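One file, query19.tsv, carrying TSV, C-alpha atoms:
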```tsv
chain	number	residue	atom	x	y	z
M	706	MET	CA	94.92	87.95	112.99
M	707	ILE	CA	96.29	85.94	115.86
M	708	GLY	CA	93.83	83.29	116.82
M	709	THR	CA	90.46	81.71	117.26
M	710	GLU	CA	89.48	84.02	120.11
M	711	GLU	CA	90.94	87.12	118.44
M	712	ALA	CA	89.91	86.54	114.85
M	713	SER	CA	89.79	89.64	112.70
M	714	GLY	CA	87.22	90.51	110.07
M	715	ARG	CA	89.02	88.31	107.55
M	716	GLY	CA	89.02	85.23	109.72
M	717	GLY	CA	85.59	84.98	111.32
M	718	PRO	CA	83.57	86.37	114.18
M	719	ILE	CA	85.34	88.51	116.75
M	720	ALA	CA	85.42	87.09	120.25
M	721	HIS	CA	87.70	87.79	123.15
M	722	GLY	CA	89.07	86.45	126.36
M	723	GLY	CA	86.81	86.77	129.35
M	724	ASP	CA	83.80	85.22	127.60
M	725	LEU	CA	82.85	82.50	130.05
M	726	ASP	CA	79.66	81.85	128.09
M	727	ALA	CA	81.91	80.56	125.30
M	728	ALA	CA	83.89	78.48	127.78
M	729	GLN	CA	80.73	76.91	129.18
M	730	ALA	CA	79.48	76.14	125.68
M	731	LEU	CA	82.75	74.36	124.89
M	732	PHE	CA	82.90	72.55	128.23
M	733	PRO	CA	79.35	72.27	129.61
M	734	HIS	CA	80.50	69.91	132.36
M	735	GLY	CA	83.56	71.94	133.35
M	736	GLU	CA	84.36	72.12	137.04
M	737	LEU	CA	82.80	75.04	138.88
M	738	PRO	CA	83.51	77.78	139.69
M	739	TRP	CA	85.29	78.69	136.50
M	740	ILE	CA	88.81	80.15	136.66
M	741	ASP	CA	89.12	82.64	133.82
M	742	LEU	CA	92.77	82.84	132.73
M	743	SER	CA	91.84	83.90	129.20
M	744	THR	CA	92.49	87.60	129.83
M	745	GLY	CA	95.53	89.69	130.70
M	746	ILE	CA	93.91	91.57	133.57
M	747	ASN	CA	95.55	92.13	136.94
M	748	PRO	CA	93.91	89.51	139.20
M	749	VAL	CA	94.48	91.69	142.27
M	750	PRO	CA	92.42	94.83	141.61
M	751	TYR	CA	92.92	98.31	142.91
M	752	PRO	CA	90.74	98.82	146.01
M	753	CYS	CA	87.99	101.11	144.81
M	754	PRO	CA	87.45	104.12	147.04
M	755	PRO	CA	83.96	104.80	148.40
M	756	LEU	CA	81.99	106.91	145.96
M	757	GLU	CA	79.50	109.65	146.68
M	758	ALA	CA	75.98	108.74	145.60
M	759	SER	CA	75.93	111.80	143.34
M	760	ALA	CA	78.46	110.08	141.05
M	761	PHE	CA	75.67	107.71	140.02
M	762	ARG	CA	72.85	110.25	139.88
M	763	ARG	CA	74.24	113.18	137.90
M	764	LEU	CA	75.97	113.58	134.58
M	765	PRO	CA	79.73	113.98	134.98
M	766	SER	CA	80.93	117.55	134.77
M	767	ARG	CA	83.71	119.03	132.69
M	768	ALA	CA	85.61	119.58	135.95
M	769	ASP	CA	85.34	115.83	136.72
M	770	LEU	CA	86.74	114.96	133.31
M	771	ASN	CA	89.52	117.54	133.55
M	772	ALA	CA	90.57	116.18	136.95
M	773	LEU	CA	90.83	112.66	135.53
M	774	CYS	CA	92.84	113.86	132.52
M	775	ALA	CA	95.20	115.74	134.82
M	776	ALA	CA	95.73	112.61	136.93
M	777	ALA	CA	96.33	110.53	133.79
M	778	ALA	CA	98.79	113.11	132.42
M	779	HIS	CA	100.77	113.00	135.66
M	780	ALA	CA	100.72	109.20	135.83
M	781	TYR	CA	101.85	108.78	132.23
M	782	GLY	CA	104.45	111.56	132.23
M	783	VAL	CA	102.52	113.81	129.87
M	784	ALA	CA	103.34	117.50	130.34
M	785	ASP	CA	100.04	118.89	129.08
M	786	PRO	CA	96.65	117.41	130.11
M	787	ALA	CA	95.27	118.79	126.83
M	788	ARG	CA	97.08	115.88	125.20
M	789	VAL	CA	94.86	113.38	127.05
M	790	ALA	CA	91.57	112.04	125.66
M	791	ALA	CA	89.66	109.80	128.08
M	792	ALA	CA	87.41	107.06	126.74
M	793	PRO	CA	85.17	104.25	127.99
M	794	GLY	CA	87.89	101.67	127.40
M	795	THR	CA	90.74	101.36	124.91
M	796	GLN	CA	88.62	99.29	122.52
M	797	ILE	CA	86.44	102.27	121.61
M	798	LEU	CA	89.60	104.24	120.81
M	799	ILE	CA	90.76	101.45	118.49
M	800	GLU	CA	87.37	101.73	116.76
M	801	THR	CA	87.40	105.53	116.66
M	802	LEU	CA	90.82	106.26	115.16
M	803	PRO	CA	90.04	104.75	111.72
M	804	ARG	CA	87.01	107.05	111.47
M	805	LEU	CA	89.19	110.15	111.84
M	806	ARG	CA	91.23	109.62	108.67
M	807	PRO	CA	90.49	109.37	104.97
M	808	HIS	CA	91.07	105.93	103.51
M	809	SER	CA	94.73	105.14	104.13
M	810	ARG	CA	97.39	102.49	103.75
M	811	VAL	CA	97.75	100.92	107.17
M	812	ALA	CA	100.50	98.58	108.38
M	813	VAL	CA	99.86	96.60	111.57
M	814	ILE	CA	102.95	95.04	113.14
M	815	GLY	CA	101.87	91.49	113.86
M	816	PRO	CA	100.78	88.96	114.66
M	817	THR	CA	99.17	90.96	117.45
M	818	TYR	CA	95.85	91.88	119.03
M	819	GLY	CA	93.41	91.26	116.18
M	820	GLU	CA	91.11	94.22	116.81
M	821	HIS	CA	93.61	96.69	115.35
M	822	GLU	CA	93.54	95.07	111.94
M	823	ALA	CA	89.79	94.49	112.15
M	824	ALA	CA	88.96	98.08	113.08
M	825	TRP	CA	90.97	99.62	110.25
M	826	LEU	CA	89.44	97.15	107.80
M	827	ARG	CA	85.95	98.02	109.00
M	828	GLY	CA	86.86	101.67	108.38
M	829	GLY	CA	87.54	100.92	104.72
M	830	HIS	CA	91.32	101.22	104.92
M	831	ALA	CA	93.87	99.03	103.10
M	832	VAL	CA	95.53	96.97	105.84
M	833	THR	CA	98.70	94.90	105.70
M	834	LEU	CA	100.15	92.78	108.48
M	835	VAL	CA	103.95	93.00	108.61
M	836	PRO	CA	106.34	91.46	111.15
M	837	ASP	CA	108.62	94.47	111.62
M	838	PRO	CA	108.35	98.28	111.44
M	839	ALA	CA	111.12	98.25	108.82
M	840	GLN	CA	108.60	96.65	106.46
M	841	ALA	CA	106.01	99.38	107.05
M	842	GLU	CA	107.70	102.05	104.94
M	843	GLY	CA	105.20	103.85	102.73
M	844	ALA	CA	102.24	103.27	105.03
M	845	ASP	CA	100.14	106.25	106.08
M	846	VAL	CA	99.40	104.67	109.46
M	847	VAL	CA	101.52	102.17	111.37
M	848	VAL	CA	100.11	100.36	114.41
M	849	VAL	CA	102.47	98.82	116.98
M	850	VAL	CA	101.50	97.04	120.19
M	851	ASN	CA	104.31	97.51	122.72
M	852	PRO	CA	104.68	95.17	124.61
M	853	ASN	CA	103.03	92.95	122.07
M	854	ASN	CA	100.10	90.68	122.79
M	855	PRO	CA	100.45	87.66	122.90
M	856	ASP	CA	104.23	87.17	122.69
M	857	GLY	CA	105.48	90.14	124.76
M	858	ARG	CA	107.80	91.39	122.03
M	859	THR	CA	108.98	94.97	122.60
M	860	TRP	CA	110.30	97.76	120.41
M	861	GLU	CA	113.02	100.25	121.34
M	862	ALA	CA	111.67	103.76	121.89
M	863	GLY	CA	114.23	105.51	119.70
M	864	ARG	CA	113.38	103.32	116.76
M	865	LEU	CA	109.67	104.00	117.13
M	866	LEU	CA	110.25	107.75	117.47
M	867	ASP	CA	112.29	107.77	114.27
M	868	LEU	CA	109.44	105.97	112.53
M	869	ALA	CA	106.91	108.45	113.97
M	870	GLY	CA	108.92	111.34	112.57
M	871	ARG	CA	109.02	109.86	109.09
M	872	ILE	CA	105.30	109.08	109.08
M	873	ALA	CA	104.34	112.49	110.44
M	874	GLY	CA	106.33	114.11	107.64
M	875	ARG	CA	103.77	112.77	105.18
M	876	GLY	CA	100.75	113.50	107.37
M	877	GLY	CA	100.44	110.02	108.83
M	878	TRP	CA	100.21	108.49	112.29
M	879	LEU	CA	102.14	106.06	114.37
M	880	VAL	CA	99.67	104.42	116.78
M	881	VAL	CA	101.40	102.72	119.72
M	882	ASP	CA	99.16	100.56	121.89
M	883	GLU	CA	100.79	100.41	125.33
M	884	ALA	CA	97.98	98.46	127.00
M	885	PHE	CA	100.41	96.23	128.92
M	886	ILE	CA	103.27	98.65	129.58
M	887	ASP	CA	102.39	99.95	133.05
M	888	LEU	CA	104.00	97.08	134.99
M	889	GLU	CA	106.91	96.52	132.59
M	890	ALA	CA	110.47	97.83	132.37
M	891	VAL	CA	109.74	99.20	128.89
M	892	GLU	CA	110.11	102.86	127.93
M	893	SER	CA	106.77	104.47	127.15
M	894	LEU	CA	106.34	106.96	124.34
M	895	ALA	CA	103.62	108.77	126.31
M	896	PRO	CA	105.98	111.55	127.49
M	897	ARG	CA	107.50	111.98	124.01
M	898	ALA	CA	104.95	114.33	122.46
M	899	ARG	CA	105.20	114.91	118.74
M	900	SER	CA	103.00	115.38	115.71
M	901	GLY	CA	101.54	112.16	114.31
M	902	LEU	CA	102.14	110.05	117.42
M	903	VAL	CA	99.12	108.50	119.17
M	904	VAL	CA	99.68	106.42	122.31
M	905	LEU	CA	96.91	104.25	123.77
M	906	ARG	CA	96.89	103.34	127.45
M	907	SER	CA	94.59	100.86	129.19
M	908	PHE	CA	93.41	101.45	132.75
M	909	GLY	CA	91.39	98.29	133.36
M	910	LYS	CA	94.15	95.76	132.71
M	911	THR	CA	96.71	97.34	135.02
M	912	TYR	CA	94.33	98.13	137.85
M	913	GLY	CA	92.25	94.96	137.54
M	914	LEU	CA	89.08	96.98	136.96
M	915	ALA	CA	88.21	96.21	133.34
M	916	GLY	CA	84.50	96.44	134.11
M	917	ILE	CA	84.52	100.18	134.68
M	918	ARG	CA	85.68	100.69	131.05
M	919	LEU	CA	88.38	103.34	131.00
M	920	GLY	CA	91.23	104.04	128.60
M	921	PHE	CA	93.21	106.94	127.20
M	922	ALA	CA	94.57	108.28	123.92
M	923	LEU	CA	97.60	110.53	124.24
M	924	ALA	CA	98.21	112.77	121.24
M	925	GLU	CA	98.91	116.35	120.21
M	926	PRO	CA	96.17	118.63	121.63
M	927	ALA	CA	94.32	119.16	118.34
M	928	LEU	CA	94.07	115.42	117.70
M	929	ALA	CA	93.19	114.65	121.33
M	930	LEU	CA	90.36	117.18	120.99
M	931	ARG	CA	89.12	115.49	117.78
M	932	ILE	CA	89.15	112.10	119.49
M	933	GLY	CA	87.20	113.46	122.43
M	934	ALA	CA	84.66	115.09	120.11
M	935	ALA	CA	84.21	111.84	118.20
M	936	LEU	CA	83.44	110.02	121.44
M	937	GLY	CA	80.74	112.56	122.28
M	938	PRO	CA	79.72	114.18	125.56
M	939	TRP	CA	79.78	112.26	128.84
M	940	ALA	CA	81.64	109.33	127.25
M	941	VAL	CA	83.19	108.30	130.57
M	942	PRO	CA	80.68	107.79	133.41
M	943	GLY	CA	81.05	109.54	136.74
M	944	PRO	CA	82.04	106.48	138.81
M	945	ALA	CA	84.82	105.65	136.32
M	946	LEU	CA	86.10	109.23	136.47
M	947	ALA	CA	86.32	109.08	140.27
M	948	ILE	CA	87.89	105.62	140.49
M	949	GLY	CA	90.32	106.34	137.69
M	950	ARG	CA	91.46	109.58	139.27
M	951	ALA	CA	92.09	107.89	142.62
M	952	ALA	CA	93.96	104.92	141.15
M	953	LEU	CA	96.11	106.92	138.76
M	954	SER	CA	97.18	109.15	141.64
M	955	ASP	CA	98.34	106.17	143.74
M	956	GLY	CA	101.89	105.59	142.58
M	957	ALA	CA	102.78	103.46	145.59
M	958	TRP	CA	100.07	100.92	144.72
M	959	LEU	CA	101.32	100.72	141.13
M	960	ARG	CA	104.93	100.12	142.20
M	961	GLU	CA	103.92	97.36	144.59
M	962	ALA	CA	101.68	95.77	141.96
M	963	ALA	CA	104.58	95.68	139.48
M	964	ILE	CA	106.78	93.82	141.99
M	965	ASP	CA	104.05	91.34	142.94
M	966	ARG	CA	102.86	90.59	139.40
M	967	HIS	CA	106.45	90.11	138.22
M	968	ALA	CA	106.89	87.46	140.91
M	969	ASP	CA	103.60	85.85	139.86
M	970	ALA	CA	104.70	85.76	136.21
M	971	LEU	CA	107.96	84.01	137.14
M	972	ARG	CA	105.99	81.51	139.23
M	973	LEU	CA	103.69	80.81	136.29
M	974	ASP	CA	106.66	80.36	133.95
M	975	ARG	CA	108.06	77.70	136.27
M	976	LEU	CA	104.72	75.93	136.43
M	977	LEU	CA	104.32	75.92	132.64
M	978	ALA	CA	107.89	74.77	132.10
M	979	CYS	CA	107.39	71.82	134.45
M	980	ARG	CA	104.46	70.76	132.25
M	981	GLY	CA	106.73	70.87	129.18
M	982	GLY	CA	105.79	74.33	128.02
M	983	ARG	CA	108.36	76.38	126.14
M	984	ILE	CA	107.89	79.99	127.18
M	985	VAL	CA	107.23	82.17	124.14
M	986	GLY	CA	107.00	85.38	126.14
M	987	GLY	CA	104.42	87.69	127.58
M	988	THR	CA	104.17	90.39	130.24
M	989	CYS	CA	103.63	90.54	134.00
M	990	LEU	CA	99.93	89.94	133.36
M	991	PHE	CA	100.03	86.99	130.95
M	992	ARG	CA	102.41	84.29	129.78
M	993	THR	CA	102.35	82.47	126.44
M	994	ALA	CA	103.88	79.02	126.09
M	995	ALA	CA	104.15	76.41	123.35
M	996	PHE	CA	103.11	72.82	124.08
M	997	ASP	CA	103.43	69.78	121.84
M	998	ASP	CA	99.98	68.71	123.02
M	999	ALA	CA	98.36	72.14	123.22
M	1000	PRO	CA	94.90	71.11	121.89
M	1001	SER	CA	94.56	68.25	124.36
M	1002	LEU	CA	95.90	70.40	127.20
M	1003	PHE	CA	93.36	73.11	126.32
M	1004	ARG	CA	90.59	70.50	126.60
M	1005	ARG	CA	91.94	69.14	129.86
M	1006	LEU	CA	92.07	72.62	131.35
M	1007	GLY	CA	88.56	73.39	130.11
M	1008	GLU	CA	87.14	70.22	131.58
M	1009	ALA	CA	88.72	71.26	134.88
M	1010	GLY	CA	86.98	74.63	134.67
M	1011	ILE	CA	90.07	76.63	133.67
M	1012	TYR	CA	89.74	78.79	130.56
M	1013	VAL	CA	92.90	79.86	128.68
M	1014	ARG	CA	93.58	81.32	125.25
M	1015	ARG	CA	94.39	79.35	122.14
M	1016	PHE	CA	95.55	80.66	118.76
M	1017	GLU	CA	94.42	79.44	115.37
M	1018	ALA	CA	97.56	80.73	113.65
M	1019	ASN	CA	99.80	79.11	116.29
M	1020	PRO	CA	98.05	75.89	117.35
M	1021	HIS	CA	100.84	74.94	119.76
M	1022	TRP	CA	100.47	78.19	121.75
M	1023	LEU	CA	98.39	78.68	124.87
M	1024	ARG	CA	98.20	81.96	126.76
M	1025	PHE	CA	97.65	82.02	130.52
M	1026	GLY	CA	96.57	84.93	132.66
M	1027	LEU	CA	97.57	85.01	136.33
M	1028	PRO	CA	95.59	83.10	138.98
M	1029	ALA	CA	94.02	85.37	141.58
M	1030	ASP	CA	94.62	83.48	144.83
M	1031	LYS	CA	95.97	80.32	146.47
M	1032	GLY	CA	92.94	78.26	145.49
M	1033	GLU	CA	93.29	79.13	141.82
M	1034	TRP	CA	97.04	78.49	141.85
M	1035	CYS	CA	96.43	75.06	143.40
M	1036	ARG	CA	93.77	74.10	140.85
M	1037	LEU	CA	95.99	75.17	137.94
M	1038	SER	CA	99.01	73.35	139.39
M	1039	HIS	CA	96.98	70.16	139.77
M	1040	VAL	CA	95.87	70.18	136.13
M	1041	LEU	CA	99.36	71.00	134.87
M	1042	LYS	CA	101.04	68.11	136.68
M	1043	PRO	CA	103.03	66.14	134.13
M	1044	ALA	CA	101.09	63.14	132.88
```
Could I get this structure in the form of structure tokens?
Amino acid sequence: MIGTEEASGRGGPIAHGGDLDAAQALFPHGELPWIDLSTGINPVPYPCPPLEASAFRRLPSRADLNALCAAAAHAYGVADPARVAAAPGTQILIETLPRLRPHSRVAVIGPTYGEHEAAWLRGGHAVTLVPDPAQAEGADVVVVVNPNNPDGRTWEAGRLLDLAGRIAGRGGWLVVDEAFIDLEAVESLAPRARSGLVVLRSFGKTYGLAGIRLGFALAEPALALRIGAALGPWAVPGPALAIGRAALSDGAWLREAAIDRHADALRLDRLLACRGGRIVGGTCLFRTAAFDDAPSLFRRLGEAGIYVRRFEANPHWLRFGLPADKGEWCRLSHVLKPA
């Protein structure tokens, strides 16, 4: 469990970034309009293509789904589209995987995104949080978030592949959540197909379109088929299939987004450092910093209508998403001026 807003089943109710109702309850007199920096979503979204009206009126066809899976396979370097299971967001995949195994010993490399631990616990599995894959030996399932949320820690691909081989030898899984990898110089395991390896990829974060709910599990064909069957028919709506296919086929947009968001992340680091923040880490889409006065800074930001993430287990940490435009950058800069 990593914090107040990402508490697992052991630590209290589950809530997430992006909940401006919670922000308004905490700061009812916060400046309007709210700036939501509590998520790690690209603030400059992919320009959605025009959609045919039929995408909203009819059930999506198998051909529509196959076209999306083919686009995802190409974008993620997967040789066989049969290894791709599309879902209405990565969160539903996190919930589904524990239902596809008998009760198991699960090691989650953390602290990390709290829903992994929570989902396996809800599935009746025995879950342990460990700080390093070396301490996960003997587990039937190991879950790694790479790059990690919220500190941006990464794991070398060869090391993870060695672990996957050992786990698969006893019928287990290595689940690698690559939700934040698209814009990073980190090697993905998506192209490295092997038994027992499940890779999760998020569409909404990278493309700034979290509301359409789209994510992918990449696994051996038999397991990908089981995941798809567990999600049921028509799991991904027609508009999401069309938008996802267009975006995943636009490599030029993705390359430009990586350059621009990297520059934004460096700009945010400088801004946080000027306020006395010690950069813990992060990705191109969020930065985490430690502040001696984090609780009071959180309140000051909230009163100014800027919502960021705080962490119960690390009370000096605050996590900032990227501002979307000049106005948001100016408002954040004003609040972060040294006292």
Legend entry - Selection: 10 Å around M:Pro755, only C-alpha atoms, excl. self and same-chain fewer than 2 positions, as a list in words: Pro752, Cys753, Glu757, Ala758, Pro944, Ala947 and Ile948 of chain M
Legend entry - Selected residue, from M:Trp825, M:Trp860, M:Trp1022, M:Trp739, that lies nearest to M:Asp726 when counting all atoms listed in the file: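 Among the listed residues, M:Trp739 lies closest to M:Asp726.
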Inset, instruction - To one decimal in Å, tell me the separation between atom CA of M:Glu1017 and atom CA of M:Phe732. - result: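 Distance reported for this atom pair: 18.6 Å.
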Legend entry - Residues near stretch 1030-1041 of chain M, cut-off 9 Å, all atoms listed in the file, skip fewer than 2 positions along chain, as a list in words: Ile740, Pro748, Val749, Leu973, Leu976, Leu977, Cys979, Arg980, Leu1002, Arg1005, Leu1006, Ala1009, Ile1011, Leu1027, Pro1028, Pro1043 and Ala1044 of chain M
Please produce a file of those selected residues containing C-alpha atoms, as a PDB file, keeping the file's coordinate frame.
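As written to disk, again.pdb reads:
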```
ATOM      1  CA  ILE M 740      88.810  80.150 136.660  1.00  0.00           C
ATOM      2  CA  PRO M 748      93.910  89.510 139.200  1.00  0.00           C
ATOM      3  CA  VAL M 749      94.480  91.690 142.270  1.00  0.00           C
ATOM      4  CA  LEU M 973     103.690  80.810 136.290  1.00  0.00           C
ATOM      5  CA  LEU M 976     104.720  75.930 136.430  1.00  0.00           C
ATOM      6  CA  LEU M 977     104.320  75.920 132.640  1.00  0.00           C
ATOM      7  CA  CYS M 979     107.390  71.820 134.450  1.00  0.00           C
ATOM      8  CA  ARG M 980     104.460  70.760 132.250  1.00  0.00           C
ATOM      9  CA  LEU M1002      95.900  70.400 127.200  1.00  0.00           C
ATOM     10  CA  ARG M1005      91.940  69.140 129.860  1.00  0.00           C
ATOM     11  CA  LEU M1006      92.070  72.620 131.350  1.00  0.00           C
ATOM     12  CA  ALA M1009      88.720  71.260 134.880  1.00  0.00           C
ATOM     13  CA  ILE M1011      90.070  76.630 133.670  1.00  0.00           C
ATOM     14  CA  LEU M1027      97.570  85.010 136.330  1.00  0.00           C
ATOM     15  CA  PRO M1028      95.590  83.100 138.980  1.00  0.00           C
ATOM     16  CA  PRO M1043     103.030  66.140 134.130  1.00  0.00           C
ATOM     17  CA  ALA M1044     101.090  63.140 132.880  1.00  0.00           C
TER      18      ALA M1044
END
```
Inset, instruction - In the coordinates of the file, take the point (85.7, 75.3, 130.5) and a cut-off of 10 Å; then, counting only C-alpha atoms, name each qualifying protein, DNA or RNA residue as a PyMOL selection string. - result: chain M and resi 725-741+1003-1013
Inset, instruction - Around the point (89.3, 117.4, 136.8), in the coordinates given by the file, pick out the residues reaching within 12 Å, counting only C-alpha atoms, and return them as a list of chain:residue names. - result: M:Pro765, M:Ser766, M:Arg767, M:Ala768, M:Asp769, M:Leu770, M:Asn771, M:Ala772, M:Leu773, M:Cys774, M:Ala775, M:Ala776, M:Ala777, M:Ala778, M:Pro786, M:Ala787, M:Val789, M:Ala791, M:Gly943, M:Leu946, M:Ala947, M:Gly949, M:Arg950, M:Ala951
Skip M:Pro855 itself and residues of its chain fewer than 4 positions away, then list as a tab-separated table (two decimals) with C-alpha atoms, keeping the file's coordinate frame all residues within 12 Å of it, counting all atoms listed in the file.
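out-v3.tsv, written as the output of this step:
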```
chain	number	residue	atom	x	y	z
M	706	MET	CA	94.92	87.95	112.99
M	707	ILE	CA	96.29	85.94	115.86
M	708	GLY	CA	93.83	83.29	116.82
M	710	GLU	CA	89.48	84.02	120.11
M	711	GLU	CA	90.94	87.12	118.44
M	722	GLY	CA	89.07	86.45	126.36
M	743	SER	CA	91.84	83.90	129.20
M	744	THR	CA	92.49	87.60	129.83
M	745	GLY	CA	95.53	89.69	130.70
M	815	GLY	CA	101.87	91.49	113.86
M	816	PRO	CA	100.78	88.96	114.66
M	817	THR	CA	99.17	90.96	117.45
M	818	TYR	CA	95.85	91.88	119.03
M	819	GLY	CA	93.41	91.26	116.18
M	850	VAL	CA	101.50	97.04	120.19
M	851	ASN	CA	104.31	97.51	122.72
M	859	THR	CA	108.98	94.97	122.60
M	884	ALA	CA	97.98	98.46	127.00
M	885	PHE	CA	100.41	96.23	128.92
M	984	ILE	CA	107.89	79.99	127.18
M	985	VAL	CA	107.23	82.17	124.14
M	986	GLY	CA	107.00	85.38	126.14
M	987	GLY	CA	104.42	87.69	127.58
M	988	THR	CA	104.17	90.39	130.24
M	989	CYS	CA	103.63	90.54	134.00
M	990	LEU	CA	99.93	89.94	133.36
M	991	PHE	CA	100.03	86.99	130.95
M	992	ARG	CA	102.41	84.29	129.78
M	993	THR	CA	102.35	82.47	126.44
M	994	ALA	CA	103.88	79.02	126.09
M	995	ALA	CA	104.15	76.41	123.35
M	1014	ARG	CA	93.58	81.32	125.25
M	1015	ARG	CA	94.39	79.35	122.14
M	1016	PHE	CA	95.55	80.66	118.76
M	1018	ALA	CA	97.56	80.73	113.65
M	1019	ASN	CA	99.80	79.11	116.29
M	1022	TRP	CA	100.47	78.19	121.75
M	1023	LEU	CA	98.39	78.68	124.87
M	1024	ARG	CA	98.20	81.96	126.76
M	1025	PHE	CA	97.65	82.02	130.52
M	1026	GLY	CA	96.57	84.93	132.66
```
Inset, instruction - Measuring atom to atom with all atoms listed in the file, identify which of M:Val813, M:Leu959, M:Leu866, M:Ala915 is nearest to M:Ile886. - result: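 The closest residue to M:Ile886 is M:Leu959.
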Legend entry - Minimum-distance residue to M:Gly828, chosen among M:Gly843, M:Pro807, M:Gly981, M:Gly794 (using only C-alpha atoms): M:Pro807
Inset, instruction - Tell me which of M:Pro750, M:Gly933, M:Gly916, M:Gly874 sits closest to M:Arg899, counting only C-alpha atoms. - result: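 Result for the nearest residue to M:Arg899: M:Gly874.
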Inset, instruction - Find the spatial neighbours of stretch 901-904 of chain M, counting only C-alpha atoms, within a cut-off of 12 Å - ignore same-chain residues fewer than 4 positions away - and output them as number ranges by chain. - result: M: 781, 783, 788-790, 795, 798-799, 802, 845-851, 865-884, 886, 893-897, 920-929, 932
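Reported to one decimal place, the separation of atom CA of M:Asn854 from atom CA of M:His1021 is 16.0 Å.
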Legend entry - Coordinates-based distance that separates atom CA of M:Ala890 from atom CA of M:Gly863 (Å, one decimal):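 It comes out at 15.3 Å.
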Inset, instruction - Go through M:Trp939, M:Tyr912, M:Phe761, M:Phe996 one by one, measure the shortest atom-to-atom distance of each to M:Trp958 using all atoms listed in the file, and give the residue with the smallest value. - result: M:Tyr912
Inset, instruction - Would you please work out which residue, of M:Leu953, M:Leu919, M:Val832, M:Ala760, is nearest to M:Ala844 when using all atoms listed in the file? - result: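 Result for the nearest residue to M:Ala844: M:Val832.
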Listed atoms of stretch 786-796 of chain M boxed axis-aligned with 6 Å per side, centre + edges as AutoDock Vina command-line options:
```
--center_x 91.1 --center_y 109.0 --center_z 126.3 --size_x 23.9 --size_y 31.5 --size_z 19.6
```
Legend entry - Polymer residues at most 12 Å from M:Gly829, all atoms listed in the file, same-chain spacing of 4 or more positions, as a PyMOL selection string: chain M and resi 714+803-811+822-825
Stretch 874-911 of chain M residues near stretch 962-968 of chain M within 10 Å, closest pair each, using all atoms listed in the file, as a Markdown table:
```
| residue | atom | partner | partner_atom | distance |
| --- | --- | --- | --- | --- |
| M:Asp887 | CA | M:Ala963 | CA | 8.0 |
| M:Leu888 | CA | M:Ala963 | CA | 4.7 |
| M:Glu889 | CA | M:Ala963 | CA | 7.3 |
| M:Ala890 | CA | M:Ala963 | CA | 9.5 |
| M:Thr911 | CA | M:Ala962 | CA | 8.7 |
```
Can I get stretch 964-976 of chain M with N, CA and C atoms filled in, as a PDB file, in the coordinates of the input?
```
ATOM      1  N   ILE M 964     105.906  94.805 141.324  1.00  0.00           N
ATOM      2  CA  ILE M 964     106.780  93.820 141.990  1.00  0.00           C
ATOM      3  C   ILE M 964     106.037  92.500 142.167  1.00  0.00           C
ATOM      4  N   ASP M 965     104.804  92.562 142.655  1.00  0.00           N
ATOM      5  CA  ASP M 965     104.050  91.340 142.940  1.00  0.00           C
ATOM      6  C   ASP M 965     103.684  90.586 141.672  1.00  0.00           C
ATOM      7  N   ARG M 966     103.252  91.286 140.636  1.00  0.00           N
ATOM      8  CA  ARG M 966     102.860  90.590 139.400  1.00  0.00           C
ATOM      9  C   ARG M 966     104.083  90.026 138.674  1.00  0.00           C
ATOM     10  N   HIS M 967     105.229  90.678 138.803  1.00  0.00           N
ATOM     11  CA  HIS M 967     106.450  90.110 138.220  1.00  0.00           C
ATOM     12  C   HIS M 967     106.774  88.772 138.884  1.00  0.00           C
ATOM     13  N   ALA M 968     106.641  88.722 140.196  1.00  0.00           N
ATOM     14  CA  ALA M 968     106.890  87.460 140.910  1.00  0.00           C
ATOM     15  C   ALA M 968     105.882  86.404 140.486  1.00  0.00           C
ATOM     16  N   ASP M 969     104.619  86.798 140.297  1.00  0.00           N
ATOM     17  CA  ASP M 969     103.600  85.850 139.860  1.00  0.00           C
ATOM     18  C   ASP M 969     103.916  85.311 138.458  1.00  0.00           C
ATOM     19  N   ALA M 970     104.387  86.197 137.577  1.00  0.00           N
ATOM     20  CA  ALA M 970     104.700  85.760 136.210  1.00  0.00           C
ATOM     21  C   ALA M 970     105.839  84.750 136.213  1.00  0.00           C
ATOM     22  N   LEU M 971     106.857  84.968 137.040  1.00  0.00           N
ATOM     23  CA  LEU M 971     107.960  84.010 137.140  1.00  0.00           C
ATOM     24  C   LEU M 971     107.459  82.678 137.690  1.00  0.00           C
ATOM     25  N   ARG M 972     106.565  82.736 138.666  1.00  0.00           N
ATOM     26  CA  ARG M 972     105.990  81.510 139.230  1.00  0.00           C
ATOM     27  C   ARG M 972     105.212  80.741 138.162  1.00  0.00           C
ATOM     28  N   LEU M 973     104.451  81.462 137.350  1.00  0.00           N
ATOM     29  CA  LEU M 973     103.690  80.810 136.290  1.00  0.00           C
ATOM     30  C   LEU M 973     104.610  80.215 135.245  1.00  0.00           C
ATOM     31  N   ASP M 974     105.686  80.911 134.893  1.00  0.00           N
ATOM     32  CA  ASP M 974     106.660  80.360 133.950  1.00  0.00           C
ATOM     33  C   ASP M 974     107.200  79.022 134.447  1.00  0.00           C
ATOM     34  N   ARG M 975     107.533  78.952 135.725  1.00  0.00           N
ATOM     35  CA  ARG M 975     108.060  77.700 136.270  1.00  0.00           C
ATOM     36  C   ARG M 975     107.023  76.589 136.183  1.00  0.00           C
ATOM     37  N   LEU M 976     105.790  76.918 136.467  1.00  0.00           N
ATOM     38  CA  LEU M 976     104.720  75.930 136.430  1.00  0.00           C
ATOM     39  C   LEU M 976     104.510  75.415 135.007  1.00  0.00           C
TER      40      LEU M 976
END
```
